[in-house]
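S.K.: mmCIF, C-alpha atoms, saved as target_7.cif, coming up:
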data_my_file
loop_
_atom_site.label_atom_id
_atom_site.label_comp_id
_atom_site.auth_asym_id
_atom_site.auth_seq_id
_atom_site.Cartn_x
_atom_site.Cartn_y
_atom_site.Cartn_z
CA MET Z 1 7.39 -5.69 -0.46
CA VAL Z 2 6.31 -2.13 -1.19
CA SER Z 3 6.66 0.52 1.47
CA SER Z 4 2.91 0.89 2.03
CA GLU Z 5 2.61 -2.82 2.89
CA TYR Z 6 5.53 -2.49 5.29
CA GLU Z 7 3.95 0.58 6.88
CA HIS Z 8 0.63 -1.24 7.24
CA ARG Z 9 2.29 -4.14 9.06
CA ILE Z 10 4.24 -1.84 11.33
CA ALA Z 11 1.14 0.24 12.11
CA ALA Z 12 -0.55 -2.96 13.29
CA ARG Z 13 2.35 -3.49 15.72
CA PHE Z 14 1.65 -0.08 17.26
CA ALA Z 15 -1.07 -1.64 19.45
CA GLY Z 16 1.54 -3.77 21.19
CA PHE Z 17 3.06 -0.63 22.63
CA ASP Z 18 -0.22 1.26 23.20
CA GLN Z 19 -1.03 -0.73 26.34
CA ASP Z 20 -4.02 1.41 27.36
CA GLY Z 21 -5.46 1.72 23.84
CA ASN Z 22 -5.74 5.52 23.93
CA GLY Z 23 -4.25 6.00 20.47
CA TRP Z 24 -0.72 6.99 21.39
CA ILE Z 25 2.34 5.55 23.08
CA ASP Z 26 3.61 7.37 26.14
CA ARG Z 27 5.56 6.77 29.32
CA GLU Z 28 2.43 5.37 30.98
CA ASP Z 29 2.28 2.55 28.44
CA PHE Z 30 5.80 1.49 29.40
CA SER Z 31 4.88 1.76 33.07
CA ALA Z 32 1.76 -0.36 32.51
CA ALA Z 33 3.82 -3.01 30.71
CA THR Z 34 6.27 -3.06 33.61
CA LYS Z 35 3.51 -3.40 36.19
CA ALA Z 36 1.89 -6.23 34.23
CA VAL Z 37 5.12 -8.24 33.99
CA LEU Z 38 5.93 -7.71 37.66
CA ALA Z 39 2.41 -8.74 38.69
CA GLU Z 40 2.56 -11.87 36.53
CA PHE Z 41 5.67 -13.06 38.34
CA GLY Z 42 4.82 -11.72 41.80
CA THR Z 43 7.86 -9.44 41.77
CA THR Z 44 7.66 -6.25 43.78
CA ALA Z 45 8.44 -2.89 42.23
CA ARG Z 46 10.92 -2.12 45.02
CA SER Z 47 12.94 -5.30 44.49
CA ASP Z 48 16.18 -5.14 42.51
CA LYS Z 49 14.50 -6.91 39.59
CA GLY Z 50 11.49 -4.60 39.79
CA GLN Z 51 13.66 -1.50 39.84
CA ALA Z 52 15.73 -2.79 36.92
CA LEU Z 53 12.55 -3.36 34.91
CA TYR Z 54 11.32 0.18 35.61
CA VAL Z 55 14.73 1.61 34.67
CA GLY Z 56 14.73 -0.50 31.49
CA ALA Z 57 11.21 0.65 30.61
CA GLU Z 58 12.20 4.29 31.10
CA ALA Z 59 15.29 3.83 28.91
CA PHE Z 60 13.16 2.17 26.24
CA TRP Z 61 10.60 4.99 26.40
CA GLN Z 62 13.32 7.65 26.18
CA GLY Z 63 14.89 5.93 23.19
CA MET Z 64 11.57 5.59 21.40
CA ALA Z 65 10.55 9.16 22.17
CA GLY Z 66 13.91 10.44 21.00
CA ILE Z 67 13.48 8.99 17.55
CA ALA Z 68 9.71 9.08 17.08
CA ASP Z 69 8.13 11.93 19.08
CA ARG Z 70 8.54 14.48 16.31
CA ASP Z 71 6.43 17.23 17.93
CA GLY Z 72 7.88 16.80 21.43
CA ASP Z 73 4.53 16.33 23.19
CA GLN Z 74 5.71 13.19 25.05
CA ARG Z 75 3.30 11.07 23.00
CA ILE Z 76 4.03 8.93 19.98
CA THR Z 77 1.05 8.78 17.65
CA ARG Z 78 0.52 5.92 15.24
CA GLU Z 79 1.72 8.16 12.41
CA GLU Z 80 4.85 9.15 14.32
CA PHE Z 81 5.48 5.50 15.14
CA VAL Z 82 5.29 4.46 11.50
CA SER Z 83 7.11 7.39 9.97
CA GLY Z 84 9.50 8.17 12.81
CA ALA Z 85 10.62 5.18 14.77
CA VAL Z 86 10.22 2.30 12.42
CA LYS Z 87 11.36 3.88 9.15
CA ARG Z 88 14.51 5.10 10.87
CA LEU Z 89 15.17 1.70 12.40
CA ARG Z 90 14.12 -0.55 9.53
CA ASP Z 91 17.59 -0.36 8.03
CA ASN Z 92 19.33 -0.50 11.41
CA PRO Z 93 17.70 -3.19 13.59
CA GLU Z 94 20.73 -3.20 15.88
CA ARG Z 95 19.87 0.35 16.96
CA PHE Z 96 16.36 -0.72 17.86
CA ALA Z 97 17.71 -3.70 19.76
CA GLU Z 98 19.95 -1.39 21.78
CA ILE Z 99 16.99 0.84 22.65
CA ALA Z 100 14.94 -2.18 23.74
CA ARG Z 101 17.77 -4.17 25.37
CA PRO Z 102 17.59 -2.73 28.93
CA PHE Z 103 13.87 -3.50 29.17
CA LEU Z 104 14.19 -6.93 27.57
CA HIS Z 105 17.17 -7.81 29.76
CA ALA Z 106 15.26 -6.85 32.90
CA ALA Z 107 12.08 -8.64 31.76
CA LEU Z 108 14.13 -11.77 31.17
CA ALA Z 109 15.57 -11.49 34.68
CA VAL Z 110 12.07 -11.24 36.15
CA ALA Z 111 10.86 -14.23 34.10
CA ASP Z 112 13.96 -16.33 34.87
CA THR Z 113 12.57 -17.86 38.04
CA ASP Z 114 15.41 -20.35 38.52
CA GLY Z 115 18.18 -17.77 37.93
CA ASP Z 116 19.98 -19.69 35.18
CA GLY Z 117 20.17 -16.69 32.82
CA ALA Z 118 17.43 -17.85 30.47
CA ALA Z 119 13.66 -18.14 30.48
CA THR Z 120 11.72 -21.26 29.67
CA VAL Z 121 9.14 -21.29 26.91
CA GLU Z 122 6.42 -21.17 29.57
CA GLU Z 123 8.04 -18.21 31.37
CA THR Z 124 8.37 -16.38 28.05
CA THR Z 125 4.73 -17.15 27.28
CA ARG Z 126 3.77 -15.60 30.61
CA VAL Z 127 5.70 -12.40 29.79
CA LEU Z 128 4.04 -12.14 26.40
CA ARG Z 129 0.58 -12.69 27.88
CA ALA Z 130 1.28 -10.02 30.51
CA LEU Z 131 2.13 -7.65 27.66
CA GLY Z 132 -1.23 -8.31 26.03
CA VAL Z 133 -0.41 -11.03 23.51
CA GLY Z 134 -3.20 -13.60 23.20
CA ASP Z 135 -2.70 -17.02 24.80
CA GLY Z 136 -2.32 -19.13 21.67
CA ILE Z 137 -0.12 -16.61 19.90
CA ALA Z 138 2.02 -16.05 23.00
CA HIS Z 139 2.87 -19.73 23.28
CA THR Z 140 3.55 -20.08 19.56
CA VAL Z 141 5.88 -17.07 19.60
CA ALA Z 142 7.66 -18.24 22.74
CA ALA Z 143 8.20 -21.70 21.30
CA ALA Z 144 9.57 -20.21 18.07
CA LEU Z 145 12.09 -18.17 20.09
CA ASP Z 146 13.60 -21.43 21.31
CA ALA Z 147 15.30 -21.99 17.96
CA ASP Z 148 17.69 -24.68 19.22
CA ALA Z 149 14.89 -26.47 21.11
CA ASP Z 150 16.85 -26.61 24.36
CA GLY Z 151 13.90 -25.30 26.36
CA ARG Z 152 15.76 -22.06 27.21
CA ILE Z 153 15.39 -18.62 25.68
CA GLY Z 154 18.24 -16.22 26.31
CA GLU Z 155 18.71 -12.50 25.88
CA THR Z 156 20.33 -12.77 22.46
CA GLU Z 157 17.36 -14.71 21.09
CA ILE Z 158 14.83 -12.31 22.57
CA VAL Z 159 16.56 -9.08 21.54
CA SER Z 160 17.21 -10.17 17.96
CA ALA Z 161 13.66 -11.50 17.53
CA PHE Z 162 12.20 -8.31 18.98
CA ALA Z 163 14.25 -6.15 16.63
CA ARG Z 164 13.28 -8.27 13.61
CA TYR Z 165 9.60 -8.15 14.51
CA PHE Z 166 9.53 -4.36 14.59
CA THR Z 167 12.07 -3.50 11.93
CA VAL Z 168 11.99 -6.19 9.24
CA PRO Z 169 8.90 -7.02 7.21
CA ASP Z 170 7.49 -10.52 7.61
#
What does this structure look like when you write it as C-alpha coordinates?
M.R.:
Amino acid sequence: MVSSEYEHRIAARFAGFDQDGNGWIDREDFSAATKAVLAEFGTTARSDKGQALYVGAEAFWQGMAGIADRDGDQRITREEFVSGAVKRLRDNPERFAEIARPFLHAALAVADTDGDGAATVEETTRVLRALGVGDGIAHTVAAALDADADGRIGETEIVSAFARYFTVPD
(Lines of atoms letter the chains of each structure in order from A and count residues from 1; the text may use other names and numbers.)
(Lines give C-alpha, C1' and ligand atoms only; values in the text may rest on other atoms or scores of the structure.)
Protein backbone atom coordinates (compact mmCIF):
# COMPACT_ATOMS: atom_id res chain seq x y z
CA MET A 1 0.00 0.00 0.00
CA VAL A 2 1.39 3.42 -0.90
CA SER A 3 1.76 6.05 1.77
CA SER A 4 -1.01 8.27 0.39
CA GLU A 5 -3.53 5.41 0.70
CA TYR A 6 -2.38 4.79 4.25
CA GLU A 7 -2.69 8.49 5.07
CA HIS A 8 -6.18 8.60 3.56
CA ARG A 9 -7.32 5.69 5.74
CA ILE A 10 -5.80 7.20 8.86
CA ALA A 11 -7.33 10.61 8.12
CA ALA A 12 -10.73 8.92 8.04
CA ARG A 13 -10.06 7.57 11.56
CA PHE A 14 -9.53 11.14 12.79
CA ALA A 15 -13.31 11.55 13.18
CA GLY A 16 -13.34 8.84 15.83
CA PHE A 17 -11.30 11.09 18.08
CA ASP A 18 -12.96 14.38 17.06
CA GLN A 19 -16.03 13.71 19.20
CA ASP A 20 -17.56 17.17 18.74
CA GLY A 21 -16.80 17.41 15.01
CA ASN A 22 -15.09 20.80 15.23
CA GLY A 23 -12.15 19.80 13.04
CA TRP A 24 -9.53 19.15 15.69
CA ILE A 25 -8.86 16.81 18.58
CA ASP A 26 -8.44 18.38 21.98
CA ARG A 27 -8.82 17.58 25.66
CA GLU A 28 -12.57 18.22 25.40
CA ASP A 29 -12.94 15.36 22.92
CA PHE A 30 -11.40 12.97 25.45
CA SER A 31 -13.64 14.38 28.16
CA ALA A 32 -16.71 13.95 25.95
CA ALA A 33 -15.75 10.33 25.24
CA THR A 34 -15.36 9.71 28.95
CA LYS A 35 -18.73 11.26 29.76
CA ALA A 36 -20.43 9.22 27.05
CA VAL A 37 -19.02 5.91 28.31
CA LEU A 38 -19.88 6.72 31.92
CA ALA A 39 -23.43 7.73 30.95
CA GLU A 40 -23.91 4.54 28.93
CA PHE A 41 -23.13 2.41 31.96
CA GLY A 42 -24.68 4.66 34.62
CA THR A 43 -21.30 5.15 36.29
CA THR A 44 -20.75 8.39 38.16
CA ALA A 45 -17.73 10.57 37.49
CA ARG A 46 -16.86 10.61 41.19
CA SER A 47 -16.79 6.82 41.51
CA ASP A 48 -13.45 5.01 41.44
CA LYS A 49 -14.20 3.71 37.95
CA GLY A 50 -15.28 7.15 36.78
CA GLN A 51 -12.15 8.78 38.16
CA ALA A 52 -9.96 6.10 36.58
CA LEU A 53 -11.60 6.72 33.21
CA TYR A 54 -10.99 10.47 33.46
CA VAL A 55 -7.37 9.88 34.48
CA GLY A 56 -6.97 7.43 31.59
CA ALA A 57 -8.49 9.92 29.15
CA GLU A 58 -6.15 12.65 30.34
CA ALA A 59 -3.13 10.34 29.98
CA PHE A 60 -4.28 9.39 26.48
CA TRP A 61 -4.75 13.06 25.55
CA GLN A 62 -1.33 13.99 26.93
CA GLY A 63 0.32 11.17 25.02
CA MET A 64 -1.40 12.09 21.77
CA ALA A 65 -0.67 15.79 22.20
CA GLY A 66 2.95 15.04 22.99
CA ILE A 67 3.51 13.31 19.68
CA ALA A 68 1.06 15.09 17.39
CA ASP A 69 0.45 18.68 18.53
CA ARG A 70 3.35 20.11 16.55
CA ASP A 71 2.48 23.79 17.09
CA GLY A 72 1.68 23.44 20.81
CA ASP A 73 -1.80 25.00 20.59
CA GLN A 74 -3.43 22.13 22.55
CA ARG A 75 -5.30 21.05 19.42
CA ILE A 76 -4.46 18.26 17.01
CA THR A 77 -5.59 19.08 13.50
CA ARG A 78 -6.32 16.40 10.94
CA GLU A 79 -2.98 17.16 9.28
CA GLU A 80 -1.11 16.90 12.58
CA PHE A 81 -2.91 13.65 13.32
CA VAL A 82 -1.89 12.11 10.01
CA SER A 83 1.65 13.44 9.83
CA GLY A 84 2.44 13.54 13.54
CA ALA A 85 0.80 10.85 15.56
CA VAL A 86 0.12 8.10 13.11
CA LYS A 87 3.29 8.24 11.00
CA ARG A 88 5.38 8.12 14.16
CA LEU A 89 3.40 5.22 15.55
CA ARG A 90 2.83 3.22 12.37
CA ASP A 91 6.12 1.42 12.85
CA ASN A 92 5.72 1.15 16.62
CA PRO A 93 2.16 0.08 17.47
CA GLU A 94 3.26 -0.92 20.97
CA ARG A 95 3.96 2.75 21.74
CA PHE A 96 0.46 3.69 20.66
CA ALA A 97 -0.98 0.89 22.75
CA GLU A 98 0.87 2.20 25.79
CA ILE A 99 -0.53 5.70 25.22
CA ALA A 100 -4.06 4.32 24.90
CA ARG A 101 -3.80 1.60 27.57
CA PRO A 102 -4.86 3.64 30.65
CA PHE A 103 -8.04 4.80 28.93
CA LEU A 104 -8.82 1.40 27.45
CA HIS A 105 -8.16 -0.34 30.77
CA ALA A 106 -10.50 2.04 32.58
CA ALA A 107 -13.18 1.79 29.86
CA LEU A 108 -13.03 -1.98 30.15
CA ALA A 109 -13.49 -1.72 33.92
CA VAL A 110 -16.57 0.46 33.44
CA ALA A 111 -18.02 -1.93 30.84
CA ASP A 112 -17.22 -5.05 32.90
CA THR A 113 -20.49 -5.04 34.81
CA ASP A 114 -19.95 -8.43 36.46
CA GLY A 115 -16.35 -7.67 37.54
CA ASP A 116 -14.76 -10.73 35.94
CA GLY A 117 -11.98 -8.74 34.23
CA ALA A 118 -13.45 -8.89 30.74
CA ALA A 119 -16.32 -7.34 28.83
CA THR A 120 -18.94 -9.25 26.92
CA VAL A 121 -19.52 -8.61 23.24
CA GLU A 122 -22.66 -6.66 24.17
CA GLU A 123 -20.82 -4.55 26.76
CA THR A 124 -18.09 -3.81 24.22
CA THR A 125 -20.74 -2.89 21.66
CA ARG A 126 -22.20 -0.43 24.16
CA VAL A 127 -18.78 1.22 24.67
CA LEU A 128 -18.26 1.55 20.93
CA ARG A 129 -21.73 3.03 20.43
CA ALA A 130 -21.08 5.51 23.24
CA LEU A 131 -17.92 6.55 21.41
CA GLY A 132 -19.92 7.26 18.26
CA VAL A 133 -19.55 4.03 16.29
CA GLY A 134 -22.73 3.10 14.43
CA ASP A 135 -24.88 0.27 15.79
CA GLY A 136 -24.22 -2.36 13.12
CA ILE A 137 -20.52 -1.61 12.91
CA ALA A 138 -20.14 -1.52 16.69
CA HIS A 139 -21.54 -5.02 17.08
CA THR A 140 -19.49 -6.40 14.19
CA VAL A 141 -16.29 -4.93 15.62
CA ALA A 142 -17.08 -6.14 19.14
CA ALA A 143 -17.79 -9.64 17.91
CA ALA A 144 -14.53 -9.68 15.93
CA LEU A 145 -12.62 -8.73 19.09
CA ASP A 146 -13.76 -11.99 20.66
CA ALA A 147 -11.26 -13.96 18.59
CA ASP A 148 -11.51 -17.14 20.67
CA ALA A 149 -15.33 -16.95 20.75
CA ASP A 150 -15.50 -17.35 24.52
CA GLY A 151 -17.89 -14.42 24.86
CA ARG A 152 -15.29 -12.37 26.77
CA ILE A 153 -13.08 -9.55 25.54
CA GLY A 154 -10.09 -8.73 27.69
CA GLU A 155 -7.64 -5.87 27.85
CA THR A 156 -5.02 -7.57 25.70
CA GLU A 157 -7.50 -8.09 22.87
CA ILE A 158 -8.78 -4.53 23.06
CA VAL A 159 -5.41 -2.81 23.29
CA SER A 160 -3.82 -4.77 20.45
CA ALA A 161 -6.87 -4.30 18.19
CA PHE A 162 -6.95 -0.58 18.95
CA ALA A 163 -3.27 -0.20 18.12
CA ARG A 164 -3.65 -2.15 14.88
CA TYR A 165 -6.66 -0.11 13.81
CA PHE A 166 -4.80 3.18 14.13
CA THR A 167 -1.29 2.16 13.19
CA VAL A 168 -1.47 -0.65 10.62
CA PRO A 169 -3.18 -0.30 7.26
CA ASP A 170 -6.17 -2.54 6.63
S.K.: Given the file shown, enumerate the residues that the PyMOL selection byres ((chain Z and resi 146) around 12) captures and present them as a list in words.
M.R.: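 Applying the PyMOL selection byres ((chain Z and resi 146) around 12) to the structure shown produces Ala118, Ala119, Thr120, Val121, Glu122, Glu123, Thr124, Thr125, His139, Thr140, Val141, Ala142, Ala143, Ala144, Leu145, Ala147, Asp148, Ala149, Asp150, Gly151, Arg152, Ile153, Gly154, Glu155, Thr156, Glu157, Ile158 and Ala161 of chain Z.
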S.K.: Generate a file of the selected residues that holds C-alpha atoms, formatted as a PDB file, in the frame of the given file.
M.R.:
ATOM      1  CA  ALA Z 118      17.430 -17.850  30.470  1.00  0.00           C
ATOM      2  CA  ALA Z 119      13.660 -18.140  30.480  1.00  0.00           C
ATOM      3  CA  THR Z 120      11.720 -21.260  29.670  1.00  0.00           C
ATOM      4  CA  VAL Z 121       9.140 -21.290  26.910  1.00  0.00           C
ATOM      5  CA  GLU Z 122       6.420 -21.170  29.570  1.00  0.00           C
ATOM      6  CA  GLU Z 123       8.040 -18.210  31.370  1.00  0.00           C
ATOM      7  CA  THR Z 124       8.370 -16.380  28.050  1.00  0.00           C
ATOM      8  CA  THR Z 125       4.730 -17.150  27.280  1.00  0.00           C
ATOM      9  CA  HIS Z 139       2.870 -19.730  23.280  1.00  0.00           C
ATOM     10  CA  THR Z 140       3.550 -20.080  19.560  1.00  0.00           C
ATOM     11  CA  VAL Z 141       5.880 -17.070  19.600  1.00  0.00           C
ATOM     12  CA  ALA Z 142       7.660 -18.240  22.740  1.00  0.00           C
ATOM     13  CA  ALA Z 143       8.200 -21.700  21.300  1.00  0.00           C
ATOM     14  CA  ALA Z 144       9.570 -20.210  18.070  1.00  0.00           C
ATOM     15  CA  LEU Z 145      12.090 -18.170  20.090  1.00  0.00           C
ATOM     16  CA  ALA Z 147      15.300 -21.990  17.960  1.00  0.00           C
ATOM     17  CA  ASP Z 148      17.690 -24.680  19.220  1.00  0.00           C
ATOM     18  CA  ALA Z 149      14.890 -26.470  21.110  1.00  0.00           C
ATOM     19  CA  ASP Z 150      16.850 -26.610  24.360  1.00  0.00           C
ATOM     20  CA  GLY Z 151      13.900 -25.300  26.360  1.00  0.00           C
ATOM     21  CA  ARG Z 152      15.760 -22.060  27.210  1.00  0.00           C
ATOM     22  CA  ILE Z 153      15.390 -18.620  25.680  1.00  0.00           C
ATOM     23  CA  GLY Z 154      18.240 -16.220  26.310  1.00  0.00           C
ATOM     24  CA  GLU Z 155      18.710 -12.500  25.880  1.00  0.00           C
ATOM     25  CA  THR Z 156      20.330 -12.770  22.460  1.00  0.00           C
ATOM     26  CA  GLU Z 157      17.360 -14.710  21.090  1.00  0.00           C
ATOM     27  CA  ILE Z 158      14.830 -12.310  22.570  1.00  0.00           C
ATOM     28  CA  ALA Z 161      13.660 -11.500  17.530  1.00  0.00           C
TER      29      ALA Z 161
END
S.K.: Kindly resolve the PyMOL selection byres ((chain Z and resi 43-50) around 10) on the present coordinates and return the residues as a PyMOL selection string.
M.R.: chain Z and resi 34-35+37-42+51-56+106-111
S.K.: Smallest atom-to-atom distance to His8 in chain Z: which of Z:Ser83, Z:Gln62, Z:Ser160, Z:Asn92, using all atoms listed in the file?
M.R.: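 Checking each candidate against His8 in chain Z, we get Z:Ser83 as the closest.
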S.K.: Looking at all atoms listed in the file, which of Z:Asp135, Z:Phe96, Z:Leu104, Z:Phe81 is the one that sits closest to Arg13 in chain Z?
M.R.: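 Closest candidate: Z:Phe81.
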S.K.: In Å, rounded to a single decimal, give me how far CA of Arg75 in chain Z is from CA of Ile25 in chain Z.
M.R.: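 Interatomic distance here is 5.6 Å.
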S.K.: How many Å separate CA of His105 in chain Z from CA of Gly117 in chain Z?
M.R.: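 Pair CA of His105 in chain Z / CA of Gly117 in chain Z returns 9.9 Å.
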S.K.: Looking at all atoms listed in the file, which of Z:Leu128, Z:Gly134, Z:Ala163, Z:Val82 is the one that sits closest to Ile10 in chain Z?
M.R.: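 Smallest separation from Ile10 in chain Z among the options: Z:Val82.
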S.K.: Go through Z:Glu58, Z:Asp116, Z:Asp26, Z:Glu94 and flag the residue nearest Gln74 in chain Z, using only C-alpha atoms for the distances.
M.R.: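 For Gln74 in chain Z, the nearest of the candidates is Z:Asp26.
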S.K.: Since I can't run it myself right now, could you work out what the PyMOL selection byres ((chain Z and resi 33) around 9) selects here and report it as a list in words?
M.R.: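 With the shown file as input, the PyMOL selection byres ((chain Z and resi 33) around 9) matches Phe17, Gln19, Glu28, Asp29, Phe30, Ser31, Ala32, Thr34, Lys35, Ala36, Val37, Leu38, Ala57, Ala130, Leu131 and Gly132 of chain Z.
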S.K.: If you measure from CA of Ile99 in chain Z to CA of Asp114 in chain Z, what distance in Å do you get, rounded to one decimal?
M.R.: 26.5 Å
S.K.: Check the smallest atom-to-atom distance from each of Z:Asp69, Z:Arg129, Z:Ile137, Z:Met64 to Arg95 in chain Z using only C-alpha atoms, then report the winner.
M.R.: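 Residue with the minimum atom-to-atom distance to Arg95 in chain Z: Z:Met64.
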S.K.: Taking only C-alpha atoms into account, which of Z:Glu98, Z:Val127, Z:Tyr165, Z:Gly66 comes nearest Phe14 in chain Z?
M.R.: Z:Tyr165
S.K.: Please output range 46-57 of chain Z, rebuilt to include all heavy atoms, as a PDB file, in the coordinates of the input.
M.R.:
ATOM      1  N   ARG Z  46       9.762  -2.590  44.239  1.00  0.00           N
ATOM      2  CA  ARG Z  46      10.920  -2.120  45.020  1.00  0.00           C
ATOM      3  C   ARG Z  46      12.076  -3.113  45.045  1.00  0.00           C
ATOM      4  O   ARG Z  46      13.158  -2.786  45.512  1.00  0.00           O
ATOM      5  CB  ARG Z  46      10.500  -1.784  46.432  1.00  0.00           C
ATOM      6  CG  ARG Z  46       9.570  -0.586  46.480  1.00  0.00           C
ATOM      7  CD  ARG Z  46       9.450  -0.070  47.898  1.00  0.00           C
ATOM      8  NE  ARG Z  46       8.535   1.020  47.980  1.00  0.00           N
ATOM      9  CZ  ARG Z  46       8.880   2.298  47.848  1.00  0.00           C
ATOM     10  NH1 ARG Z  46      10.119   2.618  47.619  1.00  0.00           N
ATOM     11  NH2 ARG Z  46       7.971   3.234  47.961  1.00  0.00           N
ATOM     12  N   SER Z  47      11.859  -4.312  44.534  1.00  0.00           N
ATOM     13  CA  SER Z  47      12.940  -5.300  44.490  1.00  0.00           C
ATOM     14  C   SER Z  47      13.979  -4.860  43.446  1.00  0.00           C
ATOM     15  O   SER Z  47      13.713  -4.003  42.599  1.00  0.00           O
ATOM     16  CB  SER Z  47      12.388  -6.674  44.120  1.00  0.00           C
ATOM     17  OG  SER Z  47      11.942  -6.675  42.764  1.00  0.00           O
ATOM     18  N   ASP Z  48      15.143  -5.462  43.500  1.00  0.00           N
ATOM     19  CA  ASP Z  48      16.180  -5.140  42.510  1.00  0.00           C
ATOM     20  C   ASP Z  48      15.686  -5.429  41.091  1.00  0.00           C
ATOM     21  O   ASP Z  48      15.892  -4.624  40.179  1.00  0.00           O
ATOM     22  CB  ASP Z  48      17.456  -5.942  42.782  1.00  0.00           C
ATOM     23  CG  ASP Z  48      18.195  -5.469  44.026  1.00  0.00           C
ATOM     24  OD1 ASP Z  48      17.907  -4.355  44.524  1.00  0.00           O
ATOM     25  OD2 ASP Z  48      19.065  -6.225  44.499  1.00  0.00           O
ATOM     26  N   LYS Z  49      15.021  -6.567  40.911  1.00  0.00           N
ATOM     27  CA  LYS Z  49      14.500  -6.910  39.590  1.00  0.00           C
ATOM     28  C   LYS Z  49      13.400  -5.934  39.160  1.00  0.00           C
ATOM     29  O   LYS Z  49      13.321  -5.557  37.987  1.00  0.00           O
ATOM     30  CB  LYS Z  49      13.971  -8.341  39.562  1.00  0.00           C
ATOM     31  CG  LYS Z  49      15.057  -9.386  39.600  1.00  0.00           C
ATOM     32  CD  LYS Z  49      14.461 -10.784  39.540  1.00  0.00           C
ATOM     33  CE  LYS Z  49      15.537 -11.848  39.542  1.00  0.00           C
ATOM     34  NZ  LYS Z  49      14.976 -13.199  39.423  1.00  0.00           N
ATOM     35  N   GLY Z  50      12.555  -5.555  40.093  1.00  0.00           N
ATOM     36  CA  GLY Z  50      11.490  -4.600  39.790  1.00  0.00           C
ATOM     37  C   GLY Z  50      12.049  -3.243  39.402  1.00  0.00           C
ATOM     38  O   GLY Z  50      11.615  -2.630  38.419  1.00  0.00           O
ATOM     39  N   GLN Z  51      13.034  -2.787  40.150  1.00  0.00           N
ATOM     40  CA  GLN Z  51      13.660  -1.500  39.840  1.00  0.00           C
ATOM     41  C   GLN Z  51      14.362  -1.550  38.487  1.00  0.00           C
ATOM     42  O   GLN Z  51      14.285  -0.604  37.698  1.00  0.00           O
ATOM     43  CB  GLN Z  51      14.647  -1.111  40.943  1.00  0.00           C
ATOM     44  CG  GLN Z  51      13.962  -0.686  42.243  1.00  0.00           C
ATOM     45  CD  GLN Z  51      13.124   0.553  42.036  1.00  0.00           C
ATOM     46  OE1 GLN Z  51      13.627   1.619  41.709  1.00  0.00           O
ATOM     47  NE2 GLN Z  51      11.814   0.420  42.217  1.00  0.00           N
ATOM     48  N   ALA Z  52      15.043  -2.652  38.205  1.00  0.00           N
ATOM     49  CA  ALA Z  52      15.730  -2.790  36.920  1.00  0.00           C
ATOM     50  C   ALA Z  52      14.725  -2.763  35.763  1.00  0.00           C
ATOM     51  O   ALA Z  52      15.002  -2.176  34.702  1.00  0.00           O
ATOM     52  CB  ALA Z  52      16.537  -4.080  36.886  1.00  0.00           C
ATOM     53  N   LEU Z  53      13.563  -3.374  35.963  1.00  0.00           N
ATOM     54  CA  LEU Z  53      12.550  -3.360  34.910  1.00  0.00           C
ATOM     55  C   LEU Z  53      12.006  -1.954  34.692  1.00  0.00           C
ATOM     56  O   LEU Z  53      11.826  -1.525  33.550  1.00  0.00           O
ATOM     57  CB  LEU Z  53      11.421  -4.352  35.231  1.00  0.00           C
ATOM     58  CG  LEU Z  53      10.451  -4.645  34.089  1.00  0.00           C
ATOM     59  CD1 LEU Z  53      11.172  -5.171  32.849  1.00  0.00           C
ATOM     60  CD2 LEU Z  53       9.389  -5.633  34.541  1.00  0.00           C
ATOM     61  N   TYR Z  54      11.767  -1.213  35.761  1.00  0.00           N
ATOM     62  CA  TYR Z  54      11.320   0.180  35.610  1.00  0.00           C
ATOM     63  C   TYR Z  54      12.386   1.034  34.931  1.00  0.00           C
ATOM     64  O   TYR Z  54      12.075   1.850  34.051  1.00  0.00           O
ATOM     65  CB  TYR Z  54      10.930   0.790  36.963  1.00  0.00           C
ATOM     66  CG  TYR Z  54       9.497   0.518  37.328  1.00  0.00           C
ATOM     67  CD1 TYR Z  54       9.175  -0.418  38.299  1.00  0.00           C
ATOM     68  CD2 TYR Z  54       8.461   1.190  36.695  1.00  0.00           C
ATOM     69  CE1 TYR Z  54       7.850  -0.682  38.634  1.00  0.00           C
ATOM     70  CE2 TYR Z  54       7.133   0.938  37.025  1.00  0.00           C
ATOM     71  CZ  TYR Z  54       6.838   0.006  37.986  1.00  0.00           C
ATOM     72  OH  TYR Z  54       5.530  -0.257  38.311  1.00  0.00           O
ATOM     73  N   VAL Z  55      13.639   0.855  35.297  1.00  0.00           N
ATOM     74  CA  VAL Z  55      14.730   1.610  34.670  1.00  0.00           C
ATOM     75  C   VAL Z  55      14.823   1.237  33.183  1.00  0.00           C
ATOM     76  O   VAL Z  55      14.986   2.108  32.323  1.00  0.00           O
ATOM     77  CB  VAL Z  55      16.070   1.366  35.402  1.00  0.00           C
ATOM     78  CG1 VAL Z  55      17.250   1.883  34.604  1.00  0.00           C
ATOM     79  CG2 VAL Z  55      16.039   2.008  36.777  1.00  0.00           C
ATOM     80  N   GLY Z  56      14.705  -0.055  32.878  1.00  0.00           N
ATOM     81  CA  GLY Z  56      14.730  -0.500  31.490  1.00  0.00           C
ATOM     82  C   GLY Z  56      13.570   0.062  30.681  1.00  0.00           C
ATOM     83  O   GLY Z  56      13.739   0.464  29.529  1.00  0.00           O
ATOM     84  N   ALA Z  57      12.389   0.099  31.291  1.00  0.00           N
ATOM     85  CA  ALA Z  57      11.210   0.650  30.610  1.00  0.00           C
ATOM     86  C   ALA Z  57      11.405   2.141  30.332  1.00  0.00           C
ATOM     87  O   ALA Z  57      11.068   2.622  29.245  1.00  0.00           O
ATOM     88  CB  ALA Z  57       9.959   0.418  31.444  1.00  0.00           C
TER      89      ALA Z  57
END
